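structure-v1.txt follows; it contains compact mmCIF, C-alpha atoms and all ligand atoms.
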# COMPACT_ATOMS: atom_id res chain seq x y z
CA MET T 1 33.12 56.78 162.53
CA HIS T 2 33.05 53.82 160.22
CA ALA T 3 33.13 50.08 160.93
CA TYR T 4 34.37 47.07 158.96
CA ARG T 5 32.98 43.58 159.47
CA ALA T 6 35.17 40.60 158.48
CA ALA T 7 37.54 38.10 160.09
CA LEU T 8 39.94 40.04 162.30
CA LEU T 9 43.62 39.31 163.07
CA SER T 10 45.42 41.05 165.94
CA PHE T 11 48.13 40.28 168.50
CA ALA T 12 48.18 39.86 172.28
CA ASP T 13 50.99 41.16 174.50
CA ASP T 14 52.65 37.73 174.51
CA ALA T 15 53.01 37.85 170.67
CA SER T 16 50.30 35.24 170.11
CA ALA T 17 47.67 36.00 167.49
CA CYS T 18 43.99 36.63 168.24
CA TYR T 19 41.53 35.74 165.50
CA GLU T 20 37.84 36.58 165.34
CA GLN T 21 36.09 34.68 162.57
CA ASP T 22 33.31 37.32 162.57
CA GLY T 23 34.98 40.49 163.78
CA LEU T 24 34.24 44.20 163.86
CA LEU T 25 36.79 46.99 163.50
CA VAL T 26 35.51 50.44 164.43
CA VAL T 27 37.55 53.39 163.13
CA GLY T 28 37.05 56.96 164.25
CA PRO T 29 38.79 60.21 165.09
CA GLY T 30 41.49 60.11 167.76
CA GLY T 31 43.73 62.96 168.96
CA ASP T 32 45.77 65.10 166.53
CA GLY T 33 43.08 64.78 163.83
CA ARG T 34 44.23 61.22 163.23
CA LYS T 35 42.04 58.18 162.70
CA VAL T 36 42.38 55.45 165.30
CA ILE T 37 40.84 52.11 166.11
CA ARG T 38 38.04 52.82 168.53
CA ALA T 39 37.13 49.16 169.07
CA ALA T 40 38.08 45.76 167.70
CA GLY T 41 36.60 42.40 168.61
CA ALA T 42 33.77 39.97 168.00
CA TYR T 43 30.92 41.41 165.92
CA GLY T 44 28.34 39.89 168.24
CA ALA T 45 29.85 41.55 171.30
CA LEU T 46 30.48 44.99 169.77
CA ALA T 47 27.78 45.68 167.19
CA GLY T 48 25.19 46.77 169.76
CA ASN T 49 27.49 49.55 171.04
CA TYR T 50 27.87 51.06 167.57
CA GLU T 51 24.33 51.19 166.22
CA GLY T 52 24.06 53.93 163.63
CA VAL T 53 27.72 53.63 162.62
CA PRO T 54 27.90 52.63 158.94
CA VAL T 55 29.35 49.15 158.45
CA THR T 56 31.21 47.83 155.40
CA HIS T 57 30.67 44.07 155.34
CA LEU T 58 33.54 42.12 153.77
CA PRO T 59 32.49 38.46 153.94
CA GLY T 60 35.33 36.02 153.36
CA LYS T 61 38.02 38.68 153.88
CA ILE T 62 40.50 39.17 156.72
CA LEU T 63 41.26 42.49 158.42
CA ALA T 64 44.90 42.57 159.53
CA PRO T 65 47.36 45.19 160.80
CA GLY T 66 49.44 47.01 158.17
CA PHE T 67 52.92 45.52 157.98
CA VAL T 68 55.93 47.39 159.39
CA ASP T 69 59.21 47.13 157.46
CA LEU T 70 61.98 47.62 160.00
CA HIS T 71 64.80 48.27 157.50
CA VAL T 72 64.59 49.25 153.85
CA HIS T 73 66.55 51.49 151.45
CA PHE T 74 64.20 53.58 149.29
CA PRO T 75 66.97 54.49 146.79
CA GLN T 76 67.68 50.79 146.24
CA THR T 77 64.26 50.08 144.75
CA ASP T 78 65.96 49.54 141.37
CA VAL T 79 68.96 47.70 142.84
CA ILE T 80 66.87 44.59 143.69
CA GLY T 81 68.33 41.45 142.14
CA SER T 82 71.87 42.75 141.50
CA PRO T 83 74.09 39.74 142.13
CA ALA T 84 77.54 40.00 143.73
CA GLU T 85 80.08 37.85 145.52
CA GLY T 86 79.06 39.43 148.78
CA LEU T 87 78.19 42.67 150.54
CA LEU T 88 81.31 44.75 149.85
CA PRO T 89 81.50 44.18 146.05
CA TRP T 90 77.71 44.61 145.87
CA LEU T 91 78.02 48.03 147.50
CA GLU T 92 80.92 49.07 145.28
CA ASN T 93 79.64 47.78 141.94
CA TYR T 94 75.89 48.39 142.16
CA THR T 95 74.72 50.28 145.18
CA PHE T 96 77.04 53.26 145.47
CA PRO T 97 76.93 54.04 141.71
CA HIS T 98 73.15 53.83 141.80
CA GLU T 99 72.75 55.94 144.92
CA SER T 100 74.91 58.67 143.35
CA ARG T 101 72.01 59.33 140.96
CA PHE T 102 70.01 60.72 143.87
CA ALA T 103 72.03 63.93 143.67
CA ASP T 104 69.23 64.81 141.23
CA HIS T 105 66.22 65.91 143.29
CA ALA T 106 63.66 65.14 140.58
CA TYR T 107 65.06 61.64 140.20
CA ALA T 108 64.82 61.11 143.97
CA LEU T 109 61.20 62.28 143.98
CA GLY T 110 60.29 59.92 141.17
CA VAL T 111 61.82 56.90 142.90
CA ALA T 112 60.18 57.89 146.20
CA GLN T 113 56.76 57.60 144.54
CA VAL T 114 57.58 54.20 143.02
CA PHE T 115 58.92 53.02 146.39
CA LEU T 116 55.74 54.04 148.23
CA ASP T 117 53.59 52.43 145.53
CA GLU T 118 55.49 49.17 146.10
CA LEU T 119 55.22 49.37 149.90
CA LEU T 120 51.46 49.89 149.70
CA ARG T 121 50.83 47.25 147.04
CA ASN T 122 52.48 44.83 149.43
CA GLY T 123 50.58 45.96 152.52
CA VAL T 124 53.45 47.82 154.21
CA THR T 125 52.07 50.92 155.91
CA SER T 126 55.13 51.98 157.95
CA ALA T 127 58.86 51.70 157.41
CA LEU T 128 62.21 52.66 158.88
CA ALA T 129 64.04 53.72 155.74
CA PHE T 130 67.49 54.73 154.58
CA CYS T 131 67.67 57.58 152.07
CA THR T 132 71.01 58.47 150.43
CA SER T 133 73.72 60.84 151.64
CA HIS T 134 72.04 63.68 149.69
CA PRO T 135 69.89 65.68 152.15
CA HIS T 136 67.16 66.32 149.58
CA SER T 137 66.65 62.55 149.20
CA VAL T 138 65.13 62.81 152.69
CA ASP T 139 62.94 65.72 151.61
CA ALA T 140 61.75 63.65 148.64
CA LEU T 141 60.72 60.64 150.72
CA MET T 142 59.21 62.72 153.52
CA GLN T 143 57.16 64.89 151.13
CA ALA T 144 55.85 61.87 149.29
CA SER T 145 55.03 60.03 152.55
CA GLU T 146 53.32 63.05 154.06
CA ALA T 147 51.11 63.41 150.99
CA ARG T 148 49.85 59.84 151.55
CA GLY T 149 49.54 60.17 155.33
CA LEU T 150 52.09 57.43 156.01
CA ARG T 151 53.98 56.94 159.24
CA MET T 152 57.50 56.99 157.79
CA ILE T 153 60.80 57.17 159.66
CA ALA T 154 63.84 57.96 157.54
CA GLY T 155 67.22 59.63 157.50
CA LYS T 156 70.10 60.94 155.45
CA VAL T 157 72.92 58.43 155.19
CA LEU T 158 76.21 59.44 156.85
CA GLN T 159 79.26 58.17 154.96
CA ASP T 160 82.33 60.42 154.99
CA ARG T 161 84.99 57.77 154.18
CA HIS T 162 85.60 54.61 152.17
CA SER T 163 82.90 55.79 149.80
CA PRO T 164 83.27 56.98 146.21
CA ASP T 165 82.69 60.47 144.86
CA GLY T 166 79.01 61.05 144.37
CA VAL T 167 77.90 59.49 147.66
CA ARG T 168 80.67 60.49 150.10
CA ASP T 169 79.68 63.38 152.36
CA GLN T 170 81.76 65.79 154.45
CA THR T 171 81.99 65.31 158.18
CA GLN T 172 80.92 68.69 159.53
CA GLN T 173 78.41 69.43 156.79
CA SER T 174 76.81 65.98 157.19
CA LEU T 175 76.13 66.68 160.86
CA VAL T 176 74.80 70.17 160.16
CA ASP T 177 72.52 68.68 157.48
CA THR T 178 71.33 65.94 159.84
CA GLU T 179 70.39 68.45 162.52
CA ALA T 180 68.54 70.61 159.98
CA LEU T 181 66.62 67.56 158.70
CA ILE T 182 65.68 66.53 162.26
CA ARG T 183 64.29 70.00 162.87
CA ARG T 184 62.47 70.00 159.52
CA TRP T 185 60.88 66.56 159.62
CA HIS T 186 60.95 64.85 163.02
CA GLY T 187 57.52 64.84 164.63
CA ARG T 188 55.86 66.62 161.72
CA GLY T 189 52.52 64.79 161.39
CA ARG T 190 53.32 61.10 161.27
CA LEU T 191 56.94 61.52 160.16
CA GLY T 192 60.01 60.68 162.21
CA TYR T 193 63.74 61.13 161.69
CA ALA T 194 66.44 58.48 162.07
CA ILE T 195 70.12 59.38 162.47
CA THR T 196 71.68 57.10 159.86
CA PRO T 197 75.39 56.25 159.92
CA ARG T 198 75.62 53.85 156.96
CA PHE T 199 77.90 51.42 158.83
CA ALA T 200 81.06 51.81 160.89
CA PRO T 201 83.50 51.33 157.95
CA SER T 202 81.99 54.24 156.03
CA CYS T 203 82.04 56.71 158.93
CA SER T 204 85.05 58.47 160.45
CA GLU T 205 85.33 58.56 164.23
CA ALA T 206 84.45 62.26 164.11
CA GLN T 207 81.28 61.50 162.16
CA LEU T 208 80.25 58.69 164.54
CA ARG T 209 80.95 60.95 167.51
CA GLY T 210 78.83 63.70 165.99
CA ALA T 211 76.03 61.22 165.30
CA GLY T 212 76.15 60.08 168.94
CA GLU T 213 76.01 63.70 170.13
CA LEU T 214 72.92 64.34 168.01
CA ALA T 215 71.36 61.13 169.35
CA ALA T 216 71.90 62.41 172.90
CA GLN T 217 70.55 65.87 172.06
CA PHE T 218 67.43 64.54 170.30
CA ALA T 219 66.47 61.64 172.55
CA ASP T 220 63.28 60.69 170.71
CA VAL T 221 64.72 60.49 167.19
CA TRP T 222 65.58 57.05 165.91
CA ILE T 223 69.02 55.67 165.03
CA GLN T 224 69.55 53.14 162.24
CA SER T 225 72.62 51.42 160.86
CA HIS T 226 74.06 48.04 159.86
CA VAL T 227 76.10 45.67 162.01
CA ALA T 228 77.73 42.24 161.77
CA GLU T 229 76.24 41.38 158.39
CA ASN T 230 79.14 39.81 156.51
CA ARG T 231 82.42 38.18 157.57
CA ASP T 232 84.64 40.39 155.38
CA GLU T 233 82.90 43.45 156.77
CA VAL T 234 83.42 42.24 160.37
CA ARG T 235 87.14 41.68 159.64
CA TRP T 236 87.41 45.19 158.18
CA VAL T 237 85.81 46.75 161.26
CA ARG T 238 88.30 44.89 163.46
CA GLU T 239 91.15 46.51 161.48
CA LEU T 240 89.59 49.97 161.54
CA PHE T 241 88.66 49.92 165.24
CA PRO T 242 91.28 47.67 166.88
CA ALA T 243 90.44 48.86 170.39
CA ALA T 244 86.74 47.95 170.19
CA ARG T 245 85.61 44.70 171.84
CA SER T 246 83.39 43.86 168.87
CA TYR T 247 81.72 45.44 165.85
CA LEU T 248 78.60 46.21 167.88
CA SER T 249 80.61 47.82 170.66
CA VAL T 250 81.98 50.39 168.16
CA TYR T 251 78.48 51.86 168.13
CA GLU T 252 78.26 51.64 171.91
CA ASP T 253 81.53 53.57 172.21
CA PHE T 254 79.96 56.45 170.25
CA GLY T 255 76.64 56.52 172.14
CA LEU T 256 74.66 54.92 169.32
CA LEU T 257 72.99 52.05 171.20
CA ARG T 258 69.77 52.93 172.97
CA GLU T 259 65.99 52.64 172.79
CA ARG T 260 64.84 53.59 169.28
CA ALA T 261 68.13 52.34 167.77
CA VAL T 262 67.59 49.65 165.12
CA TYR T 263 70.51 47.73 163.61
CA ALA T 264 70.11 45.65 160.50
CA HIS T 265 71.39 42.05 160.34
CA CYS T 266 73.10 41.33 163.74
CA ILE T 267 74.29 37.97 162.39
CA HIS T 268 77.90 37.53 163.51
CA PHE T 269 77.28 38.16 167.22
CA ASP T 270 78.40 36.51 170.44
CA ASP T 271 76.40 36.43 173.66
CA THR T 272 78.11 39.57 174.96
CA ASP T 273 76.81 41.42 171.89
CA ARG T 274 73.35 39.98 172.45
CA ALA T 275 73.38 41.10 176.10
CA LEU T 276 74.50 44.57 174.97
CA MET T 277 71.52 44.75 172.62
CA ARG T 278 69.20 43.72 175.44
CA ASP T 279 70.69 45.99 178.10
CA THR T 280 70.66 49.09 175.89
CA GLY T 281 67.15 48.48 174.49
CA THR T 282 68.56 48.29 170.94
CA ALA T 283 66.60 46.30 168.35
CA ALA T 284 67.64 44.09 165.42
CA ALA T 285 66.08 44.34 161.96
CA VAL T 286 66.19 40.77 160.69
CA SER T 287 66.49 40.77 156.90
CA PRO T 288 66.37 37.15 155.72
CA THR T 289 65.90 37.60 151.96
CA SER T 290 68.88 39.96 151.90
CA ASN T 291 71.03 37.64 154.01
CA LEU T 292 70.22 34.69 151.74
CA PHE T 293 70.70 36.69 148.53
CA LEU T 294 74.05 38.24 149.51
CA GLY T 295 75.24 35.04 151.25
CA SER T 296 75.74 36.96 154.49
CA GLY T 297 74.69 34.23 156.93
CA PHE T 298 71.75 33.42 159.20
CA PHE T 299 70.27 35.49 162.01
CA ASP T 300 70.50 33.37 165.17
CA TYR T 301 66.90 33.23 166.43
CA GLU T 302 67.81 30.81 169.20
CA GLY T 303 70.46 33.21 170.53
CA ALA T 304 68.19 36.25 170.26
CA MET T 305 65.35 34.56 172.15
CA ARG T 306 67.62 33.02 174.77
CA VAL T 307 69.31 36.32 175.64
CA GLY T 308 66.17 38.34 175.02
CA PHE T 309 66.71 41.38 172.83
CA ARG T 310 64.13 42.96 170.55
CA PHE T 311 63.90 42.12 166.88
CA GLY T 312 61.53 42.37 163.96
CA LEU T 313 61.42 41.69 160.25
CA ALA T 314 62.67 43.79 157.38
CA SER T 315 62.93 43.57 153.60
CA ASP T 316 66.32 45.34 153.31
CA VAL T 317 65.47 46.10 149.69
CA GLY T 318 67.66 46.27 147.54
CA GLY T 319 69.92 43.69 149.22
CA GLY T 320 66.60 42.03 149.96
CA THR T 321 64.78 40.53 147.03
CA SER T 322 61.17 41.45 147.73
CA PHE T 323 58.93 44.14 149.18
CA SER T 324 56.43 41.44 150.12
CA PRO T 325 56.16 40.71 153.86
CA PHE T 326 54.91 37.24 152.91
CA HIS T 327 58.19 36.50 151.15
CA THR T 328 60.16 37.94 154.08
CA MET T 329 58.22 35.86 156.64
CA LEU T 330 58.80 32.71 154.60
CA ALA T 331 62.53 33.43 154.31
CA ALA T 332 62.64 34.02 158.07
CA TYR T 333 61.08 30.62 158.56
CA TYR T 334 63.82 29.02 156.41
CA VAL T 335 66.49 30.90 158.36
CA GLY T 336 65.05 29.74 161.68
CA ARG T 337 64.98 26.15 160.48
CA GLU T 338 68.53 26.21 159.15
CA GLY T 339 69.74 28.37 162.03
CA GLN T 340 73.24 29.09 163.20
CA THR T 341 72.92 26.55 165.96
CA LYS T 342 71.42 23.13 165.30
CA PRO T 343 68.73 21.90 165.42
CA GLY T 344 67.34 25.36 164.65
CA VAL T 345 63.92 26.69 165.58
CA SER T 346 60.60 26.17 163.87
CA LEU T 347 59.12 29.65 164.12
CA SER T 348 55.35 29.59 164.37
CA PRO T 349 53.34 31.46 161.74
CA GLN T 350 51.86 33.61 164.51
CA HIS T 351 55.32 34.62 165.65
CA LEU T 352 56.52 35.30 162.09
CA TRP T 353 53.52 37.56 161.49
CA TRP T 354 54.06 39.31 164.84
CA GLN T 355 57.69 40.00 163.87
CA HIS T 356 56.45 41.97 160.86
CA THR T 357 53.64 43.85 162.68
CA ALA T 358 53.30 44.30 166.45
CA GLY T 359 56.84 43.03 167.13
CA ALA T 360 58.38 45.40 164.60
CA ALA T 361 56.34 48.25 166.11
CA GLN T 362 57.69 47.37 169.57
CA ALA T 363 61.23 47.37 168.19
CA LEU T 364 60.59 50.96 167.06
CA GLY T 365 59.18 51.94 170.44
CA LEU T 366 55.77 52.26 168.76
CA GLY T 367 54.01 49.31 170.37
CA GLY T 368 50.31 50.09 170.76
CA VAL T 369 50.61 52.84 168.13
CA ILE T 370 51.03 50.88 164.90
CA GLY T 371 51.29 47.21 163.93
CA ASN T 372 48.16 46.00 165.69
CA LEU T 373 44.38 46.21 165.58
CA ARG T 374 43.54 47.10 169.15
CA ALA T 375 41.66 50.06 170.55
CA GLY T 376 43.90 53.13 170.49
CA CYS T 377 46.15 51.99 167.62
CA GLU T 378 46.40 54.22 164.58
CA ALA T 379 44.10 53.09 161.77
CA ASP T 380 46.59 51.47 159.37
CA PHE T 381 45.07 48.17 158.30
CA LEU T 382 44.70 45.71 155.43
CA VAL T 383 41.92 43.75 153.83
CA LEU T 384 43.39 40.37 152.86
CA ASP T 385 41.83 38.04 150.31
CA PRO T 386 42.48 34.42 151.34
CA LYS T 387 41.17 33.34 147.91
CA ALA T 388 43.50 35.57 145.90
CA THR T 389 44.87 32.66 143.86
CA PRO T 390 43.38 29.22 143.14
CA LEU T 391 45.87 27.30 145.25
CA LEU T 392 45.64 29.77 148.12
CA ALA T 393 41.84 29.44 148.01
CA ARG T 394 42.11 25.64 148.28
CA LYS T 395 44.63 25.79 151.11
CA THR T 396 42.86 28.44 153.19
CA ALA T 397 39.47 26.75 152.73
CA ALA T 398 40.96 23.52 154.11
CA ALA T 399 42.78 25.19 157.04
CA ALA T 400 41.55 23.67 160.31
CA THR T 401 43.52 25.91 162.68
CA LEU T 402 44.74 29.49 162.80
CA ASP T 403 48.33 28.29 162.33
CA GLU T 404 47.33 26.43 159.17
CA LEU T 405 45.54 29.50 157.83
CA LEU T 406 48.45 31.84 158.54
CA PHE T 407 51.02 29.43 157.16
CA SER T 408 49.04 29.11 153.91
CA LEU T 409 49.14 32.89 153.55
CA ILE T 410 52.84 33.12 154.42
CA VAL T 411 53.86 30.40 151.98
CA LEU T 412 51.50 31.22 149.10
CA GLY T 413 50.69 34.90 149.64
CA ASP T 414 52.03 37.89 147.73
CA ASP T 415 50.82 41.31 146.58
CA ARG T 416 47.68 39.71 145.12
CA THR T 417 46.64 38.79 148.66
CA ILE T 418 46.55 42.49 149.63
CA GLU T 419 43.09 43.57 148.48
CA GLN T 420 42.88 46.94 150.19
CA VAL T 421 45.17 49.12 152.27
CA PHE T 422 43.92 51.74 154.73
CA VAL T 423 46.32 54.37 156.01
CA ASP T 424 45.12 56.73 158.72
CA GLY T 425 41.62 55.38 158.10
CA ALA T 426 41.60 56.19 154.36
CA ALA T 427 41.69 53.61 151.56
CA LEU T 428 44.91 54.13 149.58
CA LEU T 429 44.66 50.94 147.55
N1 LIG Z 1 76.04 47.91 154.74
C1 LIG Z 1 76.34 49.19 154.41
N2 LIG Z 1 75.51 49.66 153.47
C2 LIG Z 1 74.63 48.67 153.21
C3 LIG Z 1 73.52 48.55 152.32
O1 LIG Z 1 73.15 49.46 151.59
N3 LIG Z 1 72.87 47.35 152.33
C4 LIG Z 1 73.24 46.32 153.14
N4 LIG Z 1 72.55 45.19 153.10
N5 LIG Z 1 74.29 46.41 153.96
C5 LIG Z 1 74.98 47.57 154.00
ZN ZN Z 2 70.38 47.68 154.68
As structure tokens, please, write out the structure in this file.
Amino acid sequence: MHAYRAALLSFADDASACYEQDGLLVVGPGGDGRKVIRAAGAYGALAGNYEGVPVTHLPGKILAPGFVDLHVHFPQTDVIGSPAEGLLPWLENYTFPHESRFADHAYALGVAQVFLDELLRNGVTSALAFCTSHPHSVDALMQASEARGLRMIAGKVLQDRHSPDGVRDQTQQSLVDTEALIRRWHGRGRLGYAITPRFAPSCSEAQLRGAGELAAQFADVWIQSHVAENRDEVRWVRELFPAARSYLSVYEDFGLLRERAVYAHCIHFDDTDRALMRDTGTAAAVSPTSNLFLGSGFFDYEGAMRVGFRFGLASDVGGGTSFSPFHTMLAAYYVGREGQTKPGVSLSPQHLWWQHTAGAAQALGLGGVIGNLRAGCEADFLVLDPKATPLLARKTAAAATLDELLFSLIVLGDDRTIEQVFVDGAALL
């Protein structure tokens, strides 16, 4: 066992933050040979129970849960910052040509390493990730994640139509490949598989049906896709699936809405869609930097909270502009303020942080496993430096409340704020 003494940030069941100015985090072996949090709380209350356990004292630092990125594309690491009129030209002109390069296994492995370096530098210890349509792009990301002990959930993209040569797959083969990848990777160590139809326009009905059948057969694998991101895309789906009530209900019709299903964006929704999300246990991956960059629109926080479906935060790199959870939380704050419905909501810094940690974990069905620093959670945690830059040091020193402290970090923080990253109890950064 080993213990860390510093300020300690964690989350209660009601999504509020708990903060111990002088905290203790005790890490030790759990089941499966994994490292877990054995205890977390006030130093004064816990220290006596752990005499003899070596303690690393980190005065002035903050221990916080590793961030969880609920939607990110590893092969789009180099697509960040590619401007386009909107989603569909961005896919056609930048994303599909770039993803076609992942036919080369060595190239995919190289980008997987860069991608994981970026996640860790930014304090992201778990992600739900898209690969490309090439099955070995999944092998590349899974191998690289396994070597670092990361809890990574990922899948091969399904896209058998409206996609150019180089990324388009074949219906039957894509489903055979998906099943083989599930059997190879799902549940191996900390890895999980996600069935990954790219989005309804790029999948034939036969492919969506096959994806739904696999989702029924493998009930504990994840499902990830995109929905209701962009108005042109929504119009296109209406033409392609004229019988469907809405874009979201296309996925329902193929058995693709359930617990452990996570849909990126969920912007152009009505209340029937929101109730469908809630009633099926489906979660939204809110991707504010992507939505602002591609001009897609604003996630409706008021609607999501009123109807009550699960959501969490995501970078959506490379539509998204940053791997940094601080940048994503700040963009989410802007989106809440601007809103779809006036006057908008002023999201609290505690809630923003929860959306990228414990809330994102809940959206994955991994509440109490990752995204928090409570006894029993896996030992993925960060050491934050609230003095990482001169202005941040001034602001955090003057913070009189927890909300002021967290807002200073959200507004001024970046990768420099992430001093150390522990994954499965081991320092990776
Ligand atoms: N819709 C279908 N594919 C994509 C993608 O790669 N990124 C985003 N943001 N939306 C999509
Ligand atoms: Zn995406």
Select the residues contacting ligand ZN 2 (chain Z) at a distance of at most 9 Å, based on all atoms listed in the file, then format the selection as an mmCIF file with C-alpha atoms, keeping the file's coordinate frame.
data_model
loop_
_atom_site.group_PDB
_atom_site.id
_atom_site.type_symbol
_atom_site.label_atom_id
_atom_site.label_comp_id
_atom_site.auth_asym_id
_atom_site.auth_seq_id
_atom_site.Cartn_x
_atom_site.Cartn_y
_atom_site.Cartn_z
ATOM 1 C CA HIS T 71 64.800 48.270 157.500
ATOM 2 C CA VAL T 72 64.590 49.250 153.850
ATOM 3 C CA HIS T 73 66.550 51.490 151.450
ATOM 4 C CA ALA T 129 64.040 53.720 155.740
ATOM 5 C CA PHE T 130 67.490 54.730 154.580
ATOM 6 C CA ARG T 198 75.620 53.850 156.960
ATOM 7 C CA SER T 225 72.620 51.420 160.860
ATOM 8 C CA HIS T 226 74.060 48.040 159.860
ATOM 9 C CA TYR T 263 70.510 47.730 163.610
ATOM 10 C CA ALA T 264 70.110 45.650 160.500
ATOM 11 C CA HIS T 265 71.390 42.050 160.340
ATOM 12 C CA SER T 287 66.490 40.770 156.900
ATOM 13 C CA SER T 290 68.880 39.960 151.900
ATOM 14 C CA SER T 315 62.930 43.570 153.600
ATOM 15 C CA ASP T 316 66.320 45.340 153.310
ATOM 16 C CA VAL T 317 65.470 46.100 149.690
ATOM 17 C CA GLY T 318 67.660 46.270 147.540
ATOM 18 C CA GLY T 319 69.920 43.690 149.220
ATOM 19 C CA GLY T 320 66.600 42.030 149.960
#
Computed gap from CA of His186 in chain T to atom O1 of ligand LIG 1 (chain Z) is 22.7 Å
Residues near Leu63 in chain T, anyone? I mean within 12 Å using all atoms listed in the file, not counting same-chain ones fewer than 3 positions away, as a PyMOL selection string. chain T and resi 3-10+18-26+40-41+56-60+66+123+372-374+379-386+417-422
Among listed residues T:Asp279, T:Asp270, T:Asp232, T:Glu51, nearest ligand LIG 1 (chain Z) (using only C-alpha atoms and all ligand atoms): T:Asp232
Within 12 Å of file point (57.1, 45.9, 164.7), counting all atoms listed in the file, expressed as number ranges by chain: T: 11, 15, 65-71, 124-128, 260, 262, 283-286, 310-314, 351-372
Could the residues in this selection be written to a file with C-alpha atoms, as a compact mmCIF listing (two decimals), keeping the file's coordinate frame?
# COMPACT_ATOMS: atom_id res chain seq x y z
CA PHE T 11 48.13 40.28 168.50
CA ALA T 15 53.01 37.85 170.67
CA PRO T 65 47.36 45.19 160.80
CA GLY T 66 49.44 47.01 158.17
CA PHE T 67 52.92 45.52 157.98
CA VAL T 68 55.93 47.39 159.39
CA ASP T 69 59.21 47.13 157.46
CA LEU T 70 61.98 47.62 160.00
CA HIS T 71 64.80 48.27 157.50
CA VAL T 124 53.45 47.82 154.21
CA THR T 125 52.07 50.92 155.91
CA SER T 126 55.13 51.98 157.95
CA ALA T 127 58.86 51.70 157.41
CA LEU T 128 62.21 52.66 158.88
CA ARG T 260 64.84 53.59 169.28
CA VAL T 262 67.59 49.65 165.12
CA ALA T 283 66.60 46.30 168.35
CA ALA T 284 67.64 44.09 165.42
CA ALA T 285 66.08 44.34 161.96
CA VAL T 286 66.19 40.77 160.69
CA ARG T 310 64.13 42.96 170.55
CA PHE T 311 63.90 42.12 166.88
CA GLY T 312 61.53 42.37 163.96
CA LEU T 313 61.42 41.69 160.25
CA ALA T 314 62.67 43.79 157.38
CA HIS T 351 55.32 34.62 165.65
CA LEU T 352 56.52 35.30 162.09
CA TRP T 353 53.52 37.56 161.49
CA TRP T 354 54.06 39.31 164.84
CA GLN T 355 57.69 40.00 163.87
CA HIS T 356 56.45 41.97 160.86
CA THR T 357 53.64 43.85 162.68
CA ALA T 358 53.30 44.30 166.45
CA GLY T 359 56.84 43.03 167.13
CA ALA T 360 58.38 45.40 164.60
CA ALA T 361 56.34 48.25 166.11
CA GLN T 362 57.69 47.37 169.57
CA ALA T 363 61.23 47.37 168.19
CA LEU T 364 60.59 50.96 167.06
CA GLY T 365 59.18 51.94 170.44
CA LEU T 366 55.77 52.26 168.76
CA GLY T 367 54.01 49.31 170.37
CA GLY T 368 50.31 50.09 170.76
CA VAL T 369 50.61 52.84 168.13
CA ILE T 370 51.03 50.88 164.90
CA GLY T 371 51.29 47.21 163.93
CA ASN T 372 48.16 46.00 165.69
Nearest to Phe115 in chain T, restricted to only C-alpha atoms and choosing among T:Ala140, T:Leu181, T:Ala12, T:Val227, comes out as T:Ala140
Taking all atoms listed in the file into account, produce a table as JSON lines in which each residue of range 205-289 of chain T with an atom at most 9 Å from an atom of range 161-172 of chain T appears once, together with its shortest atom pair and the distance in Å to one decimal, ordered by chain and rising number.
{"residue": "T:Ala206", "atom": "CA", "partner": "T:Thr171", "partner_atom": "CA", "distance": 7.1}
{"residue": "T:Gln207", "atom": "CA", "partner": "T:Thr171", "partner_atom": "CA", "distance": 5.6}
{"residue": "T:Gly210", "atom": "CA", "partner": "T:Gln172", "partner_atom": "CA", "distance": 8.4}
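The neighbours of Ala106 in chain T here are the residues that come within 12 Å of it, using only C-alpha atoms and leaving out any residue fewer than 3 positions away in the same chain; they are Arg101, Phe102, Ala103, Leu109, Gly110, Val111, Ala112, Gln113, His136, Ser137, Asp139, Ala140 and Leu141 of chain T.
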Axis-aligned box for range 403-409 of chain T, 6 Å per side, centre and edges in Å as JSON:
{"center_x": 48.3, "center_y": 29.7, "center_z": 157.9, "size_x": 17.5, "size_y": 18.5, "size_z": 20.8}
Any idea what's packed within 10 Å of Leu276 in chain T, counting all atoms listed in the file, ignoring anything in its chain fewer than 2 positions away? Could you give it as a PyMOL selection string? chain T and resi 248-249+252+257-258+271-274+278-282+307+309
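Checking T:Arg184, T:His2, T:Arg190, T:His105 one by one against Glu378 in chain T, counting only C-alpha atoms, you find the shortest gap at T:Arg190.
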